[in-house]
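Novice: Next up, start.txt (compact mmCIF, C-alpha atoms).
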# COMPACT_ATOMS: atom_id res chain seq x y z
CA MET A 1 -5.07 -46.90 -44.78
CA LYS A 2 -1.40 -46.04 -44.50
CA ILE A 3 0.34 -43.79 -47.00
CA VAL A 4 4.07 -43.14 -46.79
CA THR A 5 5.38 -40.38 -49.04
CA ILE A 6 9.01 -39.92 -50.03
CA SER A 7 10.37 -36.55 -51.13
CA ARG A 8 14.05 -36.54 -51.93
CA GLN A 9 17.12 -34.72 -53.09
CA PHE A 10 18.36 -35.88 -56.48
CA GLY A 11 20.99 -38.59 -56.00
CA SER A 12 20.18 -39.21 -52.35
CA GLY A 13 18.92 -42.76 -52.88
CA GLY A 14 15.36 -41.78 -51.96
CA ARG A 15 13.80 -43.79 -54.74
CA GLU A 16 15.70 -46.96 -53.79
CA LEU A 17 14.73 -46.40 -50.17
CA GLY A 18 11.07 -45.99 -51.17
CA LYS A 19 11.08 -49.19 -53.23
CA ARG A 20 12.75 -51.24 -50.51
CA LEU A 21 10.52 -49.72 -47.84
CA ALA A 22 7.40 -50.78 -49.76
CA ASP A 23 8.82 -54.31 -50.06
CA GLU A 24 9.69 -54.49 -46.38
CA LEU A 25 6.33 -53.12 -45.22
CA GLY A 26 4.35 -55.11 -47.78
CA PHE A 27 2.88 -51.88 -49.20
CA ASP A 28 2.09 -51.01 -52.81
CA TYR A 29 4.66 -48.83 -54.51
CA TYR A 30 4.02 -45.87 -56.82
CA ASP A 31 6.59 -43.91 -58.72
CA ARG A 32 6.75 -44.19 -62.53
CA GLU A 33 3.28 -45.73 -62.47
CA ILE A 34 1.89 -42.26 -61.83
CA ILE A 35 3.56 -40.82 -64.92
CA THR A 36 2.27 -43.75 -66.95
CA SER A 37 -1.30 -43.15 -65.77
CA ILE A 38 -1.15 -39.46 -66.54
CA ALA A 39 0.28 -40.10 -69.99
CA GLN A 40 -2.45 -42.64 -70.78
CA ALA A 41 -5.25 -40.42 -69.56
CA GLN A 42 -3.96 -37.44 -71.54
CA GLY A 43 -3.01 -39.45 -74.61
CA MET A 44 0.53 -38.17 -74.39
CA ASP A 45 3.96 -39.67 -74.57
CA GLU A 46 5.31 -40.78 -71.16
CA GLY A 47 8.64 -39.16 -71.75
CA TYR A 48 6.97 -35.87 -72.57
CA VAL A 49 4.79 -35.97 -69.47
CA GLU A 50 7.75 -36.76 -67.27
CA LYS A 51 9.80 -33.98 -68.72
CA ALA A 52 6.97 -31.48 -68.52
CA LEU A 53 6.32 -32.29 -64.87
CA GLU A 54 9.93 -32.63 -63.81
CA ASP A 55 11.42 -29.70 -65.63
CA HIS A 56 8.81 -27.41 -64.20
CA ALA A 57 9.69 -25.13 -67.08
CA TRP A 58 6.15 -23.79 -66.96
CA GLN A 59 6.96 -21.95 -63.79
CA HIS A 60 9.12 -19.61 -65.78
CA ILE A 61 6.47 -18.76 -68.32
CA PRO A 62 5.05 -15.31 -67.60
CA LEU A 63 1.31 -14.99 -68.01
CA THR A 64 1.74 -12.78 -71.02
CA TYR A 65 4.84 -12.08 -72.95
CA GLY A 66 4.24 -10.14 -76.11
CA ARG A 67 4.26 -11.98 -79.40
CA SER A 68 4.81 -15.37 -77.80
CA PHE A 69 1.65 -15.08 -75.76
CA ALA A 70 -0.24 -17.77 -77.61
CA SER A 71 2.42 -20.47 -77.36
CA GLY A 72 2.97 -19.56 -73.72
CA ALA A 73 -0.72 -19.94 -73.04
CA VAL A 74 -0.87 -23.30 -74.81
CA MET A 75 2.13 -24.46 -72.80
CA GLN A 76 0.49 -23.32 -69.60
CA SER A 77 -2.75 -25.02 -70.34
CA THR A 78 -0.95 -28.31 -71.09
CA GLN A 79 0.95 -28.06 -67.85
CA THR A 80 -2.20 -27.24 -65.95
CA SER A 81 -4.00 -30.27 -67.29
CA LEU A 82 -1.01 -32.44 -66.42
CA LEU A 83 -1.07 -31.13 -62.86
CA VAL A 84 -4.81 -31.64 -62.58
CA GLU A 85 -4.42 -35.16 -63.93
CA GLN A 86 -1.60 -35.82 -61.46
CA LYS A 87 -3.86 -34.82 -58.58
CA ARG A 88 -6.60 -37.05 -60.00
CA VAL A 89 -4.25 -40.04 -60.20
CA LEU A 90 -3.07 -39.49 -56.61
CA ASP A 91 -6.67 -39.21 -55.40
CA GLY A 92 -7.39 -42.45 -57.21
CA ILE A 93 -4.55 -44.17 -55.37
CA ALA A 94 -5.92 -42.88 -52.06
CA LYS A 95 -9.43 -43.97 -52.97
CA ALA A 96 -8.24 -47.51 -53.72
CA GLY A 97 -7.51 -47.63 -49.99
CA LYS A 98 -4.43 -49.86 -50.08
CA ASP A 99 -1.38 -49.14 -47.95
CA CYS A 100 1.29 -47.65 -50.18
CA VAL A 101 4.57 -45.82 -50.59
CA ILE A 102 4.55 -42.94 -53.07
CA VAL A 103 7.81 -41.45 -54.32
CA GLY A 104 7.82 -37.84 -55.49
CA ARG A 105 4.97 -35.89 -57.12
CA ASP A 106 4.51 -33.74 -53.97
CA ALA A 107 2.20 -36.49 -52.77
CA ASP A 108 2.55 -35.40 -49.12
CA VAL A 109 1.05 -32.02 -50.03
CA LEU A 110 -1.49 -33.23 -52.59
CA LEU A 111 -2.74 -36.00 -50.28
CA ALA A 112 -2.46 -34.02 -47.03
CA ASP A 113 -6.09 -34.88 -46.17
CA GLN A 114 -5.05 -38.52 -45.90
CA LYS A 115 -2.44 -37.63 -43.29
CA PRO A 116 0.41 -39.55 -44.90
CA PHE A 117 3.64 -40.25 -43.03
CA SER A 118 6.00 -38.00 -44.95
CA ILE A 119 9.72 -38.65 -45.30
CA PHE A 120 12.37 -36.39 -46.80
CA VAL A 121 15.56 -38.10 -47.98
CA CYS A 122 18.81 -36.19 -48.36
CA ALA A 123 22.56 -36.79 -48.47
CA SER A 124 25.83 -34.88 -48.57
CA MET A 125 26.83 -33.48 -51.97
CA ASP A 126 29.80 -35.89 -52.06
CA ALA A 127 27.55 -38.88 -51.51
CA LYS A 128 25.06 -37.67 -54.12
CA VAL A 129 27.75 -37.15 -56.74
CA ARG A 130 29.17 -40.62 -56.02
CA ARG A 131 25.73 -42.19 -56.41
CA CYS A 132 25.11 -40.34 -59.69
CA MET A 133 28.50 -41.45 -61.03
CA GLU A 134 27.78 -45.10 -60.24
CA ARG A 135 24.43 -44.78 -61.93
CA ALA A 136 25.64 -42.93 -65.02
CA ALA A 137 25.24 -44.76 -68.33
CA GLU A 138 28.44 -45.90 -70.00
CA GLY A 139 29.92 -43.20 -72.15
CA GLU A 140 28.15 -40.51 -70.14
CA ASN A 141 31.02 -38.49 -68.85
CA LEU A 142 29.85 -35.54 -66.82
CA THR A 143 32.51 -33.71 -64.89
CA ARG A 144 32.04 -33.51 -61.14
CA LYS A 145 31.21 -29.84 -61.49
CA ALA A 146 28.55 -30.48 -64.14
CA MET A 147 27.07 -33.20 -61.97
CA GLU A 148 26.83 -30.89 -58.97
CA GLN A 149 25.17 -28.25 -61.13
CA ASN A 150 22.73 -30.85 -62.36
CA ILE A 151 21.84 -31.92 -58.83
CA ARG A 152 21.34 -28.31 -57.72
CA ARG A 153 19.22 -27.48 -60.77
CA ILE A 154 16.88 -30.44 -60.31
CA ASP A 155 16.50 -29.86 -56.58
CA LYS A 156 15.79 -26.19 -57.17
CA ALA A 157 12.97 -27.12 -59.55
CA ARG A 158 11.60 -29.58 -56.98
CA ALA A 159 11.69 -26.93 -54.27
CA ARG A 160 9.99 -24.36 -56.49
CA SER A 161 7.33 -26.82 -57.55
CA ARG A 162 6.48 -27.74 -53.94
CA GLU A 163 6.51 -24.19 -52.71
CA MET A 164 3.93 -23.19 -55.31
CA ILE A 165 1.39 -25.42 -53.59
CA SER A 166 2.56 -25.35 -49.96
CA ASP A 167 3.89 -23.00 -47.30
CA ALA A 168 5.95 -25.84 -45.89
CA LYS A 169 9.38 -25.42 -47.43
CA TRP A 170 11.04 -28.21 -49.38
CA GLY A 171 13.86 -29.83 -47.41
CA GLN A 172 13.09 -28.11 -44.10
CA GLY A 173 12.76 -30.60 -41.25
CA GLY A 174 9.45 -29.17 -40.08
CA SER A 175 7.80 -29.86 -43.43
CA TYR A 176 7.95 -33.66 -42.99
CA ASN A 177 7.37 -36.23 -40.27
CA MET A 178 10.91 -37.49 -40.62
CA THR A 179 14.05 -36.60 -42.53
CA VAL A 180 16.83 -39.09 -43.12
CA ASN A 181 20.32 -38.40 -44.35
CA THR A 182 21.50 -41.46 -46.29
CA THR A 183 25.19 -40.51 -46.03
CA GLY A 184 27.07 -43.31 -44.29
CA TRP A 185 24.25 -45.84 -44.68
CA GLU A 186 23.79 -48.75 -47.02
CA ILE A 187 20.24 -48.18 -48.24
CA LYS A 188 19.27 -51.73 -47.28
CA ASP A 189 20.27 -51.15 -43.64
CA LEU A 190 18.59 -47.78 -43.58
CA THR A 191 15.40 -49.34 -44.95
CA GLY A 192 15.04 -51.53 -41.87
CA ALA A 193 15.55 -48.57 -39.57
CA VAL A 194 12.99 -46.42 -41.40
CA ALA A 195 10.49 -49.29 -41.64
CA ASP A 196 10.63 -49.75 -37.86
CA PHE A 197 10.13 -46.04 -37.38
CA VAL A 198 7.07 -46.07 -39.62
CA ARG A 199 5.64 -49.13 -37.83
CA ARG A 200 6.02 -47.36 -34.49
CA TRP A 201 4.27 -44.28 -35.89
CA TYR A 202 1.20 -46.34 -36.78
CA ALA A 203 1.30 -48.21 -33.46
CA ARG A 204 1.72 -45.13 -31.30
CA ASP A 205 -0.49 -43.58 -28.62
CA GLY A 206 -2.06 -40.18 -29.10
CA LYS A 207 -2.82 -40.27 -32.80
CA ALA A 208 -4.09 -36.70 -32.77
CA MET B 1 32.50 -44.16 -28.24
CA LYS B 2 29.02 -43.08 -29.28
CA ILE B 3 27.90 -39.47 -29.12
CA VAL B 4 24.34 -38.50 -29.99
CA THR B 5 23.70 -34.78 -30.35
CA ILE B 6 20.29 -33.12 -30.19
CA SER B 7 19.63 -29.75 -31.80
CA ARG B 8 16.08 -28.53 -31.49
CA GLN B 9 13.48 -25.91 -32.11
CA PHE B 10 12.29 -24.19 -28.96
CA GLY B 11 9.19 -25.95 -27.62
CA SER B 12 9.62 -29.05 -29.80
CA GLY B 13 10.25 -31.42 -26.90
CA GLY B 14 13.86 -31.98 -27.96
CA ARG B 15 15.22 -31.77 -24.45
CA GLU B 16 12.74 -34.33 -23.11
CA LEU B 17 13.53 -36.58 -26.06
CA GLY B 18 17.27 -36.27 -25.35
CA LYS B 19 16.85 -37.12 -21.67
CA ARG B 20 14.64 -40.13 -22.35
CA LEU B 21 16.92 -41.27 -25.16
CA ALA B 22 19.92 -41.25 -22.83
CA ASP B 23 17.92 -43.29 -20.29
CA GLU B 24 16.78 -45.78 -22.90
CA LEU B 25 20.23 -46.22 -24.45
CA GLY B 26 22.01 -46.21 -21.08
CA PHE B 27 24.12 -43.22 -22.17
CA ASP B 28 25.32 -40.29 -20.09
CA TYR B 29 23.31 -37.11 -20.56
CA TYR B 30 24.61 -33.57 -20.86
CA ASP B 31 22.57 -30.42 -21.03
CA ARG B 32 22.63 -27.97 -18.11
CA GLU B 33 25.76 -29.70 -16.82
CA ILE B 34 27.70 -27.94 -19.57
CA ILE B 35 26.53 -24.50 -18.46
CA THR B 36 27.41 -25.41 -14.86
CA SER B 37 30.94 -26.44 -15.87
CA ILE B 38 31.51 -23.27 -17.88
CA ALA B 39 30.23 -21.11 -15.03
CA GLN B 40 32.50 -22.83 -12.51
CA ALA B 41 35.58 -22.60 -14.73
CA GLN B 42 34.97 -18.91 -15.42
CA GLY B 43 33.91 -18.05 -11.89
CA MET B 44 30.65 -16.67 -13.18
CA ASP B 45 27.02 -17.00 -12.28
CA GLU B 46 25.25 -19.87 -14.10
CA GLY B 47 22.30 -17.72 -15.05
CA TYR B 48 24.61 -15.14 -16.58
CA VAL B 49 26.51 -17.74 -18.59
CA GLU B 50 23.31 -19.26 -19.86
CA LYS B 51 21.88 -15.93 -20.87
CA ALA B 52 25.12 -14.81 -22.52
CA LEU B 53 25.36 -18.02 -24.55
CA GLU B 54 21.68 -18.36 -25.36
CA ASP B 55 20.85 -14.78 -26.17
CA HIS B 56 23.75 -14.58 -28.57
CA ALA B 57 23.49 -10.84 -28.07
CA TRP B 58 27.20 -10.63 -28.84
CA GLN B 59 26.50 -11.40 -32.46
CA HIS B 60 24.99 -8.00 -32.83
CA ILE B 61 27.94 -6.13 -31.42
CA PRO B 62 29.90 -4.51 -34.23
CA LEU B 63 33.65 -4.68 -33.89
CA THR B 64 33.90 -0.93 -33.33
CA TYR B 65 31.15 1.45 -32.67
CA GLY B 66 32.34 4.86 -31.67
CA ARG B 67 32.16 5.88 -28.05
CA SER B 68 30.86 2.54 -26.84
CA PHE B 69 33.86 0.71 -28.25
CA ALA B 70 35.31 -0.22 -24.87
CA SER B 71 32.18 -1.82 -23.41
CA GLY B 72 31.55 -3.62 -26.69
CA ALA B 73 35.05 -5.00 -26.61
CA VAL B 74 34.66 -6.17 -23.03
CA MET B 75 31.39 -7.84 -23.88
CA GLN B 76 32.97 -9.51 -26.89
CA SER B 77 35.90 -10.77 -24.93
CA THR B 78 33.60 -12.25 -22.27
CA GLN B 79 31.55 -13.98 -24.92
CA THR B 80 34.65 -15.24 -26.63
CA SER B 81 35.98 -16.78 -23.45
CA LEU B 82 32.62 -18.39 -22.79
CA LEU B 83 32.65 -19.92 -26.26
CA VAL B 84 36.22 -21.13 -25.84
CA GLU B 85 35.30 -22.62 -22.47
CA GLN B 86 32.25 -24.28 -24.01
CA LYS B 87 34.43 -25.95 -26.61
CA ARG B 88 36.84 -27.04 -23.84
CA VAL B 89 34.00 -28.59 -21.82
CA LEU B 90 32.68 -30.46 -24.87
CA ASP B 91 36.18 -31.72 -25.69
CA GLY B 92 36.45 -32.90 -22.09
CA ILE B 93 33.22 -34.88 -22.46
CA ALA B 94 34.56 -36.47 -25.64
CA LYS B 95 37.90 -37.25 -23.99
CA ALA B 96 36.13 -39.01 -21.12
CA GLY B 97 35.12 -41.53 -23.78
CA LYS B 98 31.73 -42.51 -22.40
CA ASP B 99 28.69 -42.90 -24.64
CA CYS B 100 26.51 -39.85 -24.24
CA VAL B 101 23.64 -37.70 -25.45
CA ILE B 102 24.36 -33.96 -25.61
CA VAL B 103 21.50 -31.49 -25.96
CA GLY B 104 22.21 -28.12 -27.59
CA ARG B 105 25.46 -26.16 -27.57
CA ASP B 106 26.08 -26.85 -31.28
CA ALA B 107 27.78 -30.04 -30.10
CA ASP B 108 27.37 -31.71 -33.51
CA VAL B 109 29.50 -28.97 -35.07
CA LEU B 110 31.97 -28.52 -32.21
CA LEU B 111 32.55 -32.28 -31.88
CA ALA B 112 32.38 -33.05 -35.62
CA ASP B 113 35.73 -34.90 -35.37
CA GLN B 114 34.04 -37.47 -33.14
CA LYS B 115 31.44 -38.18 -35.83
CA PRO B 116 28.42 -37.90 -33.56
CA PHE B 117 25.01 -39.11 -34.66
CA SER B 118 23.22 -35.79 -34.97
CA ILE B 119 19.48 -35.35 -34.54
CA PHE B 120 17.39 -32.26 -35.20
CA VAL B 121 14.05 -32.08 -33.40
CA CYS B 122 11.21 -29.90 -34.66
CA ALA B 123 7.43 -29.57 -34.44
CA SER B 124 4.57 -27.59 -35.91
CA MET B 125 4.07 -24.08 -34.47
CA ASP B 126 0.75 -25.19 -32.96
CA ALA B 127 2.38 -28.08 -31.15
CA LYS B 128 5.23 -25.88 -29.91
CA VAL B 129 2.87 -23.23 -28.56
CA ARG B 130 0.81 -25.92 -26.82
CA ARG B 131 3.93 -27.37 -25.19
CA CYS B 132 5.09 -23.92 -24.06
CA MET B 133 1.67 -23.18 -22.57
CA GLU B 134 1.64 -26.43 -20.60
CA ARG B 135 5.12 -25.65 -19.34
CA ALA B 136 4.50 -22.00 -18.45
CA ALA B 137 4.79 -21.11 -14.76
CA GLU B 138 1.56 -20.21 -13.00
CA GLY B 139 0.73 -16.56 -13.41
CA GLU B 140 2.81 -16.36 -16.58
CA ASN B 141 0.26 -15.28 -19.12
CA LEU B 142 1.80 -14.81 -22.52
CA THR B 143 -0.60 -14.38 -25.39
CA ARG B 144 -0.37 -16.88 -28.18
CA LYS B 145 1.12 -14.21 -30.38
CA ALA B 146 3.80 -13.32 -27.84
CA MET B 147 4.62 -16.99 -27.45
CA GLU B 148 5.04 -17.46 -31.18
CA GLN B 149 7.29 -14.41 -31.33
CA ASN B 150 9.32 -15.83 -28.46
CA ILE B 151 9.75 -19.16 -30.22
CA ARG B 152 10.79 -17.46 -33.45
CA ARG B 153 13.25 -15.17 -31.67
CA ILE B 154 14.98 -17.99 -29.80
CA ASP B 155 15.19 -20.20 -32.88
CA LYS B 156 16.57 -17.33 -34.92
CA ALA B 157 19.33 -16.87 -32.37
CA ARG B 158 20.09 -20.60 -32.44
CA ALA B 159 20.26 -20.57 -36.22
CA ARG B 160 22.54 -17.54 -36.26
CA SER B 161 24.80 -19.02 -33.65
CA ARG B 162 25.21 -22.28 -35.54
CA GLU B 163 25.71 -20.62 -38.89
CA MET B 164 28.62 -18.61 -37.52
CA ILE B 165 30.60 -21.81 -37.06
CA SER B 166 29.20 -24.03 -39.80
CA ASP B 167 28.10 -23.96 -43.43
CA ALA B 168 25.48 -26.57 -42.63
CA LYS B 169 22.31 -24.61 -42.05
CA TRP B 170 20.32 -24.95 -38.84
CA GLY B 171 17.12 -26.94 -39.35
CA GLN B 172 17.95 -28.13 -42.88
CA GLY B 173 17.64 -31.91 -43.20
CA GLY B 174 21.05 -32.28 -44.80
CA SER B 175 22.80 -30.76 -41.78
CA TYR B 176 21.94 -33.72 -39.52
CA ASN B 177 21.85 -37.51 -39.66
CA MET B 178 18.18 -37.53 -38.81
CA THR B 179 15.40 -35.02 -38.25
CA VAL B 180 12.27 -35.88 -36.33
CA ASN B 181 9.05 -33.94 -36.14
CA THR B 182 7.48 -34.55 -32.73
CA THR B 183 4.02 -33.41 -33.83
CA GLY B 184 1.54 -36.24 -33.31
CA TRP B 185 3.89 -38.27 -31.11
CA GLU B 186 3.98 -38.80 -27.37
CA ILE B 187 7.65 -38.19 -26.63
CA LYS B 188 7.91 -41.52 -24.81
CA ASP B 189 6.77 -43.43 -27.92
CA LEU B 190 9.03 -41.40 -30.16
CA THR B 191 11.97 -42.12 -27.87
CA GLY B 192 11.72 -45.85 -28.57
CA ALA B 193 11.59 -45.24 -32.31
CA VAL B 194 14.61 -42.93 -32.27
CA ALA B 195 16.57 -45.23 -29.94
CA ASP B 196 16.08 -48.11 -32.38
CA PHE B 197 17.20 -45.92 -35.25
CA VAL B 198 20.36 -44.94 -33.37
CA ARG B 199 21.09 -48.58 -32.46
CA ARG B 200 20.79 -49.55 -36.12
CA TRP B 201 23.14 -46.73 -37.11
CA TYR B 202 25.85 -48.11 -34.83
CA ALA B 203 25.18 -51.69 -35.95
CA ARG B 204 25.15 -50.93 -39.67
CA ASP B 205 27.42 -52.06 -42.50
CA GLY B 206 29.59 -49.63 -44.39
CA LYS B 207 30.60 -47.30 -41.60
CA ALA B 208 32.43 -45.01 -44.00
Let me see the file written as structure tokens.

Specialist:
Amino acid sequence: MKIVTISRQFGSGGRELGKRLADELGFDYYDREIITSIAQAQGMDEGYVEKALEDHAWQHIPLTYGRSFASGAVMQSTQTSLLVEQKRVLDGIAKAGKDCVIVGRDADVLLADQKPFSIFVCASMDAKVRRCMERAAEGENLTRKAMEQNIRRIDKARARSREMISDAKWGQGGSYNMTVNTTGWEIKDLTGAVADFVRRWYARDGKA
Amino acid sequence: MKIVTISRQFGSGGRELGKRLADELGFDYYDREIITSIAQAQGMDEGYVEKALEDHAWQHIPLTYGRSFASGAVMQSTQTSLLVEQKRVLDGIAKAGKDCVIVGRDADVLLADQKPFSIFVCASMDAKVRRCMERAAEGENLTRKAMEQNIRRIDKARARSREMISDAKWGQGGSYNMTVNTTGWEIKDLTGAVADFVRRWYARDGKA
């Protein structure tokens, strides 16, 4: 069974790359599906689950903080069950045994036993801002500065989240099998290049 | 003209990858040749030049430090001329206009105007130690711990050296076009995968 995981900087095109890669390799693709599963299992709203897992606000909640202790504890316990459920969903995907691409969710760490081929996707700040601008809903007028802050904030949360469960730092080359910088590529061209790389990984000698 | 630069962690196999990549792509290859050129131009011993540039000891020399000021200044001025000469040699390679692979020397930063395709090569500490052990001269018996310290020390110097001339951090995915982790690969198999990736980069759409 082959699992390819994609971790990415916000705005780098990592999700598009993951989707296209799954198509090109003929693999299953998991991204939002994981959120949906968690929400169903926990009887919660999808949007809430996504926000709770992506904001990683829980990391800021001290174990005790005076009068607010109770609400903090409730918050923590919700977050904990979401994280446990997330691990359960990922294990379920692995157990199904079908080749797949998984975007986000620290799947490379949580499924390390399965020895996934892990990819980190990044881009220059300019390229990320451009991509976010193209993607922005009509009427949504963030300044460039606000957009950069947004990108930094989200990536910081992703880094913090990963580093709570792994010594391998987010975004450091050594933490992944391969890191690609999308700057200067059309994602469709890059997809072919990455797909070939992945194929060669699974066809290689010395699979130790 | 195509320039591929290789930056690497000590013991990662980056040099071997660079050499094989040049062979596979039919590109010229530069590594020690650069040290040789600098040494000849400066009328210095090759070993001295290499040590001076690789140890980066000069980075620790404060601009003034009491009684030792004179020797510090001499040291600094030697280092400065070596760095200037290094830049001159790299510019000469670029001016020659032949496709090439350049290993080390911060060539991706120093030749940024030429828009090289920059690769960072890394590996797990275990894999690096194993490679260093295989490579060690007979009778050279470093403990594992000493070897790890050695690897960390050299990489720290490389990081410091790069970060003096660039904001793009050493070893961070975003600082390079591509980062490959050699762990689990035979370098010969990895070479084919990287060569294909490089070919696709030069054949791609949207060369902005």

Novice: In terms of the shortest atom-to-atom distance over only C-alpha atoms, which of B:Ala195, B:Cys122, B:Ile165, B:Leu82 is closest to chain A?

Specialist: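 Looking at the shortest contact to chain A, the residue is B:Cys122.
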
Novice: Find the spatial neighbours of stretch 170-180 of chain B, counting all atoms listed in the file, within a cut-off of 9 Å - ignore same-chain residues fewer than 3 positions away - and output them as a PyMOL selection string.

Specialist: (chain A and resi 120-124+171-174+176-183) or (chain B and resi 7-9+108+116-123+158-160+162-163+166-167+183+190+194)

Novice: List every protein, DNA or RNA residue that has at least one atom no more than 10 Å from (13.3, -34.6, -25.5) in the file's coordinates, counting all atoms listed in the file, and write the result as a PDB file with C-alpha atoms, in the frame of the given file.

Specialist:
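Output (selection.pdb):
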ATOM      1  CA  ILE B   6      20.290 -33.120 -30.190  1.00  0.00           C
ATOM      2  CA  ARG B   8      16.080 -28.530 -31.490  1.00  0.00           C
ATOM      3  CA  GLY B  11       9.190 -25.950 -27.620  1.00  0.00           C
ATOM      4  CA  SER B  12       9.620 -29.050 -29.800  1.00  0.00           C
ATOM      5  CA  GLY B  13      10.250 -31.420 -26.900  1.00  0.00           C
ATOM      6  CA  GLY B  14      13.860 -31.980 -27.960  1.00  0.00           C
ATOM      7  CA  ARG B  15      15.220 -31.770 -24.450  1.00  0.00           C
ATOM      8  CA  GLU B  16      12.740 -34.330 -23.110  1.00  0.00           C
ATOM      9  CA  LEU B  17      13.530 -36.580 -26.060  1.00  0.00           C
ATOM     10  CA  GLY B  18      17.270 -36.270 -25.350  1.00  0.00           C
ATOM     11  CA  LYS B  19      16.850 -37.120 -21.670  1.00  0.00           C
ATOM     12  CA  ARG B  20      14.640 -40.130 -22.350  1.00  0.00           C
ATOM     13  CA  LEU B  21      16.920 -41.270 -25.160  1.00  0.00           C
ATOM     14  CA  ALA B  22      19.920 -41.250 -22.830  1.00  0.00           C
ATOM     15  CA  VAL B 103      21.500 -31.490 -25.960  1.00  0.00           C
ATOM     16  CA  VAL B 121      14.050 -32.080 -33.400  1.00  0.00           C
ATOM     17  CA  THR B 182       7.480 -34.550 -32.730  1.00  0.00           C
ATOM     18  CA  ILE B 187       7.650 -38.190 -26.630  1.00  0.00           C
ATOM     19  CA  LYS B 188       7.910 -41.520 -24.810  1.00  0.00           C
ATOM     20  CA  LEU B 190       9.030 -41.400 -30.160  1.00  0.00           C
ATOM     21  CA  THR B 191      11.970 -42.120 -27.870  1.00  0.00           C
TER      22      THR B 191
END

Novice: From the set B:Ala157, B:Ala137, B:Val198, B:Ala39, which residue has the shortest atom-to-atom contact distance to chain A, counting only C-alpha atoms?

Specialist: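 Ranking B:Ala157, B:Ala137, B:Val198, B:Ala39 by distance to chain A, first place goes to B:Val198.
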
Novice: May I have the residues within 12 Å of A:Ala52 as JSON, numbers by chain, using all atoms listed in the file and disregarding those fewer than 6 positions away in the same chain?

Specialist: {"A": [35, 38, 39, 44, 45, 46, 58, 59, 75, 76, 77, 78, 79, 80, 81, 82, 83, 86, 157, 161]}

Novice: Ranking B:Glu134, B:Glu140, B:Glu24, B:Asp126 by minimum distance to chain A and counting all atoms listed in the file, which one comes first?

Specialist: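 Closest to chain A of all the choices is B:Asp126.
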
Novice: How many Å separate atom CA of B:Ala203 from atom CA of B:Val109?

Specialist: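 Distance between the two atoms: 23.1 Å.
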
Novice: Just give me the gap between atom CA of B:Lys115 and atom CA of B:Asp155 in Å, one decimal is fine.

Specialist: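 For atom CA of B:Lys115 relative to atom CA of B:Asp155, the distance reads 24.4 Å.
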
Novice: Which one is closest to chain A: B:Phe197, B:Tyr202, B:Phe10, B:Phe27? Count only C-alpha atoms.

Specialist: B:Phe197

Novice: Taking all atoms listed in the file into account, which of A:Leu110, A:Met1, A:Met125, A:Met164 comes nearest chain B?

Specialist: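 Of all the options, A:Met125 lies closest to chain B.
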
Novice: With all atoms listed in the file as the counted atoms, please give the residues lying no more than 10 Å from B:Gly97, apart from itself and same-chain residues fewer than 2 positions off, as a PyMOL selection string.

Specialist: chain B and resi 1-3+92-95+99-100

Novice: Would you compute the distance between atom CA of A:Leu25 and atom CA of B:Ala193? Give it in Å to one decimal.

Specialist: 16.0 Å

Novice: So which one's closest to B:Arg144, B:Arg32, B:Arg105, B:Lys156, B:Lys128? Using only C-alpha atoms, please.

Specialist: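 The closest residue to B:Arg144 is B:Lys128.
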